$ cat query-v1.txt   # compact mmCIF, C-alpha atoms
# COMPACT_ATOMS: atom_id res chain seq x y z
CA MET A 1 -2.13 -28.69 121.11
CA LYS A 2 -0.95 -25.18 121.96
CA SER A 3 0.55 -24.62 118.51
CA LYS A 4 -2.65 -25.90 116.93
CA PHE A 5 -4.57 -22.91 118.30
CA PHE A 6 -1.71 -20.43 118.67
CA ILE A 7 -0.86 -20.10 114.97
CA PRO A 8 -4.47 -19.53 113.75
CA THR A 9 -5.07 -17.07 116.59
CA LEU A 10 -1.87 -15.20 115.72
CA LEU A 11 -2.90 -15.02 112.06
CA HIS A 12 -6.28 -13.56 113.02
CA VAL A 13 -4.66 -10.98 115.29
CA LEU A 14 -2.21 -9.99 112.55
CA LEU A 15 -5.01 -9.76 109.98
CA TRP A 16 -7.18 -7.39 111.98
CA SER A 17 -4.26 -5.39 113.42
CA GLY A 18 -2.79 -4.90 109.95
CA LEU A 19 -6.17 -3.97 108.53
CA PHE A 20 -6.69 -1.45 111.34
CA TYR A 21 -3.29 0.17 110.80
CA PHE A 22 -3.65 0.24 107.02
CA SER A 23 -7.16 1.70 107.26
CA PHE A 24 -6.10 4.49 109.61
CA ILE A 25 -3.05 5.47 107.52
CA ASN A 26 -5.08 5.28 104.32
CA PHE A 27 -7.86 7.50 105.70
CA VAL A 28 -5.36 10.07 106.98
CA GLN A 29 -3.64 10.24 103.60
CA ARG A 30 -6.91 10.55 101.73
CA ILE A 31 -8.25 13.34 104.00
CA LYS A 32 -5.09 15.21 104.84
CA TRP A 33 -6.66 18.57 104.11
CA ILE A 34 -9.89 19.83 102.66
CA LYS A 35 -10.40 22.89 100.47
CA THR A 36 -13.61 24.87 100.97
CA PRO A 37 -14.82 27.95 99.04
CA GLU A 38 -15.38 29.95 102.23
CA ASP A 39 -12.38 29.15 104.41
CA GLY A 40 -9.75 27.96 101.97
CA ILE A 41 -7.77 25.06 103.40
CA VAL A 42 -8.92 23.23 106.51
CA ILE A 43 -6.08 21.27 108.09
CA LEU A 44 -6.83 17.81 109.43
CA THR A 45 -7.30 18.28 113.16
CA LYS A 46 -6.57 16.01 116.09
CA GLU A 47 -10.27 15.76 116.80
CA PHE A 48 -10.87 14.50 113.31
CA ASN A 49 -8.31 11.75 113.92
CA TYR A 50 -10.66 10.52 116.64
CA VAL A 51 -13.52 10.69 114.14
CA ILE A 52 -11.58 8.55 111.69
CA LEU A 53 -10.63 6.18 114.52
CA SER A 54 -14.29 5.77 115.48
CA CYS A 55 -15.24 5.05 111.87
CA ILE A 56 -12.52 2.43 111.50
CA ILE A 57 -13.37 0.63 114.75
CA ILE A 58 -17.09 0.44 113.95
CA ASP A 59 -16.33 -0.57 110.37
CA LEU A 60 -13.97 -3.36 111.45
CA ILE A 61 -16.46 -4.70 113.99
CA ILE A 62 -19.12 -4.93 111.28
CA LYS A 63 -16.62 -6.48 108.86
CA GLY A 64 -15.69 -9.00 111.56
CA VAL A 65 -19.32 -10.02 111.87
CA LEU A 66 -19.56 -10.46 108.10
CA PHE A 67 -16.24 -12.33 107.89
CA TYR A 68 -16.81 -14.93 110.60
CA PHE A 69 -20.49 -15.38 109.79
CA SER A 70 -19.60 -16.12 106.15
CA VAL A 71 -16.87 -18.59 107.15
CA LEU A 72 -19.16 -20.49 109.54
CA TYR A 73 -22.12 -20.36 107.15
CA VAL A 74 -20.15 -21.82 104.24
CA ASN A 75 -18.35 -24.38 106.42
CA LYS A 76 -21.55 -25.53 108.11
CA GLY A 77 -23.53 -26.00 104.91
CA ASN A 78 -24.13 -29.48 103.50
CA SER A 79 -24.90 -28.47 99.94
CA ASN A 80 -22.99 -27.01 97.02
CA LEU A 81 -22.77 -23.27 97.56
CA LEU A 82 -22.61 -22.45 93.86
CA SER A 83 -25.73 -24.46 92.99
CA ASN A 84 -27.88 -23.46 95.96
CA PHE A 85 -29.64 -20.17 95.23
CA ARG A 86 -31.16 -19.85 98.68
CA ARG A 87 -27.80 -20.12 100.43
CA ASN A 88 -26.28 -17.59 98.01
CA GLN A 89 -29.21 -15.27 98.63
CA ASN A 90 -28.69 -15.39 102.40
CA LEU A 91 -25.00 -14.53 102.03
CA ILE A 92 -25.77 -11.65 99.68
CA ILE A 93 -28.34 -10.27 102.13
CA VAL A 94 -25.81 -10.37 104.99
CA PHE A 95 -23.10 -8.81 102.81
CA THR A 96 -25.36 -5.99 101.62
CA SER A 97 -26.85 -5.21 105.03
CA THR A 98 -23.46 -5.08 106.79
CA LEU A 99 -22.06 -2.85 104.04
CA ILE A 100 -24.97 -0.43 104.34
CA ILE A 101 -24.69 -0.36 108.16
CA SER A 102 -20.94 0.28 107.95
CA LEU A 103 -21.28 3.11 105.44
CA LEU A 104 -24.20 4.69 107.26
CA SER A 105 -22.39 4.58 110.62
CA CYS A 106 -19.30 6.32 109.25
CA TYR A 107 -21.40 8.89 107.43
CA LEU A 108 -23.29 9.79 110.59
CA ILE A 109 -20.10 10.07 112.63
CA VAL A 110 -18.46 12.37 110.08
CA TYR A 111 -21.64 14.40 109.71
CA GLU A 112 -21.94 14.80 113.46
CA PHE A 113 -18.39 16.17 113.65
CA ASP A 114 -18.50 18.70 110.82
CA THR A 115 -20.37 18.70 107.52
CA VAL A 116 -17.38 20.28 105.76
CA PHE A 117 -15.61 16.94 105.81
CA LEU A 118 -18.42 15.31 103.85
CA ASN A 119 -16.67 16.57 100.71
CA LYS A 120 -14.27 13.67 101.18
CA ILE A 121 -16.89 11.08 102.09
CA LEU A 122 -16.61 9.45 98.66
CA SER A 123 -13.07 8.35 99.51
CA LEU A 124 -14.36 6.65 102.65
CA VAL A 125 -17.17 4.97 100.74
CA ILE A 126 -14.85 3.55 98.07
CA TYR A 127 -12.32 2.29 100.59
CA ILE A 128 -14.90 0.74 102.92
CA ALA A 129 -16.65 -0.98 100.01
CA MET A 130 -13.41 -2.36 98.56
CA ILE A 131 -12.25 -3.82 101.87
CA HIS A 132 -15.75 -5.18 102.48
CA VAL A 133 -15.73 -7.06 99.17
CA LEU A 134 -12.17 -8.31 99.69
CA LEU A 135 -12.90 -9.67 103.18
CA PHE A 136 -16.10 -11.29 101.93
CA ILE A 137 -14.22 -13.11 99.16
CA ILE A 138 -11.51 -14.24 101.60
CA ALA A 139 -14.18 -15.47 104.04
CA ILE A 140 -15.95 -17.50 101.34
CA ALA A 141 -12.66 -19.03 100.15
CA TRP A 142 -11.61 -19.87 103.70
CA GLY A 143 -15.01 -21.37 104.53
CA VAL A 144 -14.90 -23.56 101.42
CA GLN A 145 -11.37 -24.70 102.31
CA LEU A 146 -12.39 -25.59 105.88
CA LYS A 147 -15.39 -27.49 104.54
CA LEU A 148 -13.22 -29.46 102.10
CA ILE A 149 -10.75 -30.32 104.87
CA LYS A 150 -13.62 -31.48 107.10
CA GLU A 151 -15.05 -33.64 104.30
CA MET A 152 -11.63 -35.16 103.59
CA LYS A 153 -11.20 -36.03 107.27
CA SER A 154 -14.69 -37.56 107.38
CA LYS A 155 -13.96 -39.66 104.29
CA GLN A 156 -10.69 -40.81 105.81
CA LEU A 157 -12.39 -41.75 109.08
CA LEU A 158 -15.13 -43.58 107.18
CA LYS A 159 -12.52 -45.41 105.12
CA GLU A 160 -10.69 -46.49 108.27
CA ALA A 161 -13.96 -47.52 109.94
CA ASN A 162 -14.97 -49.58 106.89
CA LEU A 163 -11.53 -51.19 106.82
CA GLN A 164 -11.77 -52.16 110.49
CA ALA A 165 -15.29 -53.49 109.96
CA GLU A 166 -14.15 -55.51 106.96
CA LEU A 167 -11.19 -56.94 108.88
CA GLY A 168 -13.45 -57.85 111.77
CA PHE A 169 -15.90 -59.46 109.40
CA LEU A 170 -13.17 -61.49 107.72
CA LYS A 171 -11.78 -62.65 111.06
CA ALA A 172 -15.20 -63.85 112.21
CA GLN A 173 -16.24 -65.29 108.87
CA ILE A 174 -16.51 -69.05 108.46
CA ASN A 175 -16.23 -70.41 104.95
CA PRO A 176 -19.53 -69.24 103.39
CA HIS A 177 -19.68 -72.14 100.95
CA PHE A 178 -19.58 -74.60 103.84
CA LEU A 179 -22.35 -72.71 105.62
CA PHE A 180 -24.54 -72.46 102.52
CA ASN A 181 -24.08 -76.13 101.72
CA THR A 182 -24.94 -77.07 105.30
CA LEU A 183 -28.04 -74.89 105.28
CA ASN A 184 -29.13 -76.36 101.96
CA ASN A 185 -28.74 -79.86 103.37
CA LEU A 186 -30.76 -78.93 106.47
CA PHE A 187 -33.39 -77.31 104.26
CA ALA A 188 -33.69 -80.50 102.18
CA GLU A 189 -33.97 -82.68 105.29
CA SER A 190 -36.65 -80.44 106.79
CA ARG A 191 -38.65 -80.65 103.58
CA LYS A 192 -38.45 -84.44 103.71
CA SER A 193 -39.72 -84.45 107.30
CA ASN A 194 -42.61 -82.19 106.25
CA ASN A 195 -41.74 -79.40 108.69
CA PRO A 196 -42.59 -76.14 106.89
CA ILE A 197 -41.71 -73.90 109.86
CA VAL A 198 -38.16 -75.24 110.05
CA SER A 199 -37.85 -75.12 106.25
CA GLU A 200 -38.96 -71.51 106.17
CA GLY A 201 -36.58 -70.58 108.99
CA ILE A 202 -33.61 -72.18 107.27
CA ALA A 203 -34.47 -70.47 103.99
CA LYS A 204 -34.70 -67.05 105.70
CA LEU A 205 -31.43 -67.63 107.54
CA SER A 206 -29.74 -68.65 104.30
CA ASN A 207 -30.94 -65.46 102.59
CA ILE A 208 -29.69 -63.37 105.51
CA MET A 209 -26.25 -64.96 105.45
CA ARG A 210 -26.01 -64.65 101.68
CA TYR A 211 -26.82 -60.95 101.95
CA MET A 212 -24.22 -60.48 104.69
CA VAL A 213 -21.51 -62.17 102.64
CA ARG A 214 -22.29 -60.64 99.25
CA GLU A 215 -23.51 -57.16 100.15
CA GLY A 216 -21.90 -56.61 103.54
CA ASN A 217 -18.62 -55.24 102.19
CA LEU A 218 -20.24 -52.83 99.73
CA GLU A 219 -20.31 -49.14 100.49
CA LYS A 220 -24.00 -48.85 99.53
CA VAL A 221 -26.79 -51.14 98.37
CA HIS A 222 -30.23 -50.63 96.88
CA LEU A 223 -32.84 -49.94 99.52
CA ASP A 224 -35.05 -52.80 98.33
CA LYS A 225 -32.28 -55.29 99.19
CA GLU A 226 -31.82 -53.77 102.63
CA ILE A 227 -35.59 -53.85 103.23
CA GLN A 228 -35.77 -57.51 102.18
CA TYR A 229 -32.91 -58.27 104.56
CA ILE A 230 -34.82 -56.55 107.38
CA LYS A 231 -38.01 -58.46 106.48
CA ASN A 232 -36.13 -61.77 106.60
CA TYR A 233 -34.74 -60.88 110.01
CA ILE A 234 -38.19 -59.94 111.31
CA ASP A 235 -39.63 -63.20 109.96
CA LEU A 236 -36.96 -65.18 111.82
CA GLU A 237 -37.76 -63.32 115.04
CA LEU A 238 -41.47 -64.01 114.52
CA LEU A 239 -40.67 -67.73 114.33
CA ARG A 240 -38.89 -67.44 117.67
CA ILE A 241 -41.85 -65.77 119.41
CA SER A 242 -44.62 -67.56 117.51
CA SER A 243 -45.63 -69.44 120.66
CA SER A 244 -46.44 -66.20 122.46
CA ASP A 245 -49.92 -64.71 122.04
CA SER A 246 -49.02 -61.60 124.03
CA ALA A 247 -46.62 -60.13 121.44
CA GLN A 248 -47.99 -57.90 118.69
CA ILE A 249 -45.75 -56.97 115.76
CA LYS A 250 -46.76 -54.35 113.19
CA THR A 251 -44.70 -53.35 110.16
CA ASN A 252 -45.15 -50.65 107.54
CA PHE A 253 -42.85 -50.16 104.57
CA ASP A 254 -43.68 -47.15 102.40
CA ILE A 255 -40.95 -46.94 99.76
CA ASP A 256 -41.42 -44.55 96.84
CA ASP A 257 -38.18 -45.44 95.08
CA SER A 258 -36.53 -48.79 95.81
CA THR A 259 -33.41 -47.88 93.80
CA ILE A 260 -32.28 -45.47 96.51
CA GLU A 261 -28.85 -46.50 97.79
CA VAL A 262 -28.09 -46.76 101.50
CA PRO A 263 -25.22 -48.28 103.53
CA PRO A 264 -25.86 -51.94 104.39
CA PHE A 265 -26.92 -52.84 107.96
CA LEU A 266 -27.54 -49.18 108.85
CA LEU A 267 -31.07 -49.74 110.18
CA LEU A 268 -30.78 -53.28 111.52
CA PRO A 269 -29.35 -52.40 114.98
CA PHE A 270 -32.59 -50.58 115.83
CA ILE A 271 -34.63 -53.60 114.65
CA GLU A 272 -32.52 -55.97 116.74
CA ASN A 273 -32.81 -53.70 119.74
CA ALA A 274 -36.61 -53.71 119.56
CA PHE A 275 -36.84 -57.52 119.58
CA LYS A 276 -34.17 -58.00 122.22
CA HIS A 277 -35.56 -55.55 124.77
CA GLY A 278 -39.14 -55.04 123.65
CA ILE A 279 -40.45 -58.60 123.70
CA ASN A 280 -41.16 -60.59 126.83
CA ILE A 281 -43.13 -63.80 126.21
CA THR A 282 -44.58 -63.67 129.72
CA LYS A 283 -45.84 -60.09 129.42
CA SER A 284 -47.91 -58.09 126.99
CA SER A 285 -45.48 -56.72 124.40
CA PHE A 286 -45.59 -54.86 121.12
CA ILE A 287 -43.28 -53.58 118.39
CA GLU A 288 -44.15 -51.18 115.57
CA PHE A 289 -41.79 -50.68 112.64
CA ASP A 290 -42.36 -47.86 110.18
CA ILE A 291 -39.90 -47.25 107.33
CA LYS A 292 -40.63 -44.56 104.74
CA ALA A 293 -38.40 -43.46 101.89
CA THR A 294 -38.54 -40.88 99.15
CA LYS A 295 -35.80 -39.73 96.82
CA SER A 296 -34.82 -37.05 99.30
CA GLU A 297 -35.46 -38.58 102.75
CA LEU A 298 -35.33 -41.89 104.61
CA MET A 299 -37.27 -42.19 107.86
CA LEU A 300 -37.24 -45.03 110.39
CA ARG A 301 -39.57 -45.12 113.38
CA VAL A 302 -39.41 -47.96 115.89
CA GLU A 303 -41.64 -48.11 118.95
CA ASN A 304 -41.65 -51.02 121.36
CA SER A 305 -42.39 -52.07 124.92
CA ASN A 306 -39.73 -50.99 127.40
CA HIS A 307 -39.58 -53.99 129.69
CA ASP A 308 -35.90 -53.51 130.57
CA ASN A 309 -36.09 -49.71 130.99
CA ILE A 310 -33.39 -49.37 128.36
CA ALA A 311 -32.01 -45.91 127.81
CA ASN A 312 -29.09 -46.13 125.40
CA ARG A 313 -28.78 -49.73 124.31
CA VAL A 314 -29.04 -50.25 120.56
CA GLY A 315 -28.15 -53.47 118.83
CA ASP A 316 -26.03 -55.04 121.57
CA SER A 317 -25.57 -58.20 119.54
CA GLY A 318 -22.71 -57.95 117.09
CA GLY A 319 -21.05 -55.12 119.03
CA MET A 320 -23.15 -52.46 117.31
CA GLY A 321 -23.95 -50.13 120.20
CA LEU A 322 -25.58 -46.74 120.11
CA ASN A 323 -22.24 -44.94 119.97
CA ASN A 324 -21.19 -46.98 116.93
CA VAL A 325 -24.48 -46.25 115.18
CA LYS A 326 -24.12 -42.53 115.90
CA ARG A 327 -20.54 -42.55 114.68
CA ARG A 328 -21.46 -44.29 111.45
CA LEU A 329 -24.29 -41.85 110.79
CA LEU A 330 -21.97 -38.94 111.52
CA LEU A 331 -19.36 -40.21 109.07
CA ILE A 332 -21.75 -41.12 106.26
CA TYR A 333 -24.39 -38.39 106.67
CA PRO A 334 -22.75 -35.41 108.43
CA ASP A 335 -25.28 -32.62 109.03
CA ARG A 336 -27.86 -34.67 107.11
CA HIS A 337 -29.43 -36.85 109.76
CA ARG A 338 -31.35 -36.59 113.01
CA LEU A 339 -31.62 -39.36 115.58
CA ASP A 340 -34.13 -38.95 118.41
CA ILE A 341 -34.47 -41.58 121.15
CA TYR A 342 -37.20 -41.44 123.78
CA SER A 343 -37.05 -43.90 126.65
CA GLY A 344 -40.25 -43.80 128.67
CA GLU A 345 -41.28 -45.97 131.56
CA LEU A 346 -43.31 -48.27 129.33
CA ILE A 347 -42.46 -47.32 125.73
CA TYR A 348 -39.14 -46.96 123.92
CA THR A 349 -39.13 -44.95 120.67
CA VAL A 350 -36.46 -44.36 118.03
CA ILE A 351 -36.93 -41.89 115.18
CA LEU A 352 -34.20 -41.60 112.56
CA LYS A 353 -34.41 -39.17 109.62
CA ILE A 354 -31.76 -39.04 106.90
CA GLN A 355 -31.57 -36.45 104.13
CA LEU A 356 -30.48 -38.46 101.10
CA GLN A 357 -29.95 -35.45 98.82
$ encode --input "query-v1.txt" --output "structure tokens"
Amino acid sequence: MKSKFFIPTLLHVLLWSGLFYFSFINFVQRIKWIKTPEDGIVILTKEFNYVILSCIIIDLIIKGVLFYFSVLYVNKGNSNLLSNFRRNQNLIIVFTSTLIISLLSCYLIVYEFDTVFLNKILSLVIYIAMIHVLLFIIAIAWGVQLKLIKEMKSKQLLKEANLQAELGFLKAQINPHFLFNTLNNLFAESRKSNNPIVSEGIAKLSNIMRYMVREGNLEKVHLDKEIQYIKNYIDLELLRISSSDSAQIKTNFDIDDSTIEVPPFLLLPFIENAFKHGINITKSSFIEFDIKATKSELMLRVENSNHDNIANRVGDSGGMGLNNVKRRLLLIYPDRHRLDIYSGELIYTVILKIQLQ
């Protein structure tokens, strides 16, 4: 752990120490003496060394701001830097403003000391500008590298998580053909006994299990399939609470483009949570589901009665807790999602927004 932070810290110290030493020596060599028409040769004085030192310190502080801001800005971004004009524009503004401040500061310091030394100000300008550009390029390259490393780690973690999920699914999986055949037999028997409620329930359950088996191991599925899966689940829950007149369920699906691809079972834990903790057949209860999707954003809003005063319990069934949901969102949509959960005394609300592009 110590070496993990020691080596990068040492590299930073060496970078700025070397740059400070090189800058001071370079400035001294460039302004060793100055010829003036009135006085002839003016030898570089000790006081002027302090002037140069002040310029270098201020210049390096400003360059440090530019350097680390650029690294964090590039590393934090979730879009392609080369194709995003607005992000490029922000970086250019920071680069230009810090360069102007650095040059202006050194000019004022030199001018305050003695205007005779302004004859050599062009050397300072060229050097400061060159180092400014070089550090900016290094910062961009470093930020891009850190971002690529972060994305590779996220992909690796997601791959491992998917592998564990697949192994867990396979361990718990009963032969699907046996299950489907059994459900088909039950469906046929229920039709013979003229029991439409049971027939409908078996058909919905069969569709759910077929989706879990066929689509569950895919990385992403079309949103319309995921929505149909959610609708089937809601219909099954409605059959369970159909005897209760105190429960009100409202759903709204506003999908602009059903071909949008999303990870399977990403939204279901919030739906399960609402039915498990939001419905009490002996009390007045309600659930409102609102799912909206455009090409660029997916939004889920779930609001339900808070009979159990739940705070952080999402999708307990199936082992899909809130921490697992957050982890999955973090791996699949890093820096592109927002999950807000509000647990009031009577109402529990979940709002999830995902930037798809």
$ closest_residue --input "query-v1.txt" --among "A:Asn162, A:Ser70, A:Ser23, A:Asn217" --to "Met130 (chain A)" --atoms "all atoms listed in the file"
A:Ser23
$ residues_around --input "query-v1.txt" --residues "region 290-293 of chain A" --least-positions-apart "6" --cutoff "12 Å" --atoms "all atoms listed in the file" --output "JSON, numbers by chain"
{"A": [222, 223, 224, 226, 227, 230, 231, 249, 250, 251, 252, 253, 254, 255, 256, 257, 258, 259, 260, 261, 262, 267, 268, 270, 271, 299, 300, 301, 302, 303, 304, 349, 350, 351, 352, 353, 354, 355, 356]}
$ closest_residue --input "query-v1.txt" --among "A:Leu72, A:Ile128, A:Leu266, A:Leu104" --to "Gly216 (chain A)" --atoms "all atoms listed in the file"
A:Leu266
$ closest_residue --input "query-v1.txt" --among "A:Val198, A:Ile279, A:Ile138, A:Leu15" --to "Tyr348 (chain A)" --atoms "all atoms listed in the file"
A:Ile279
$ atom_distance --input "query-v1.txt" --atom1 "CA of Glu151 (chain A)" --atom2 "CA of Ile332 (chain A)"
10.2 Å
$ closest_residue --input "query-v1.txt" --among "A:Cys106, A:Val74, A:Ile197, A:Ile208" --to "Val144 (chain A)" --atoms "only C-alpha atoms"
A:Val74
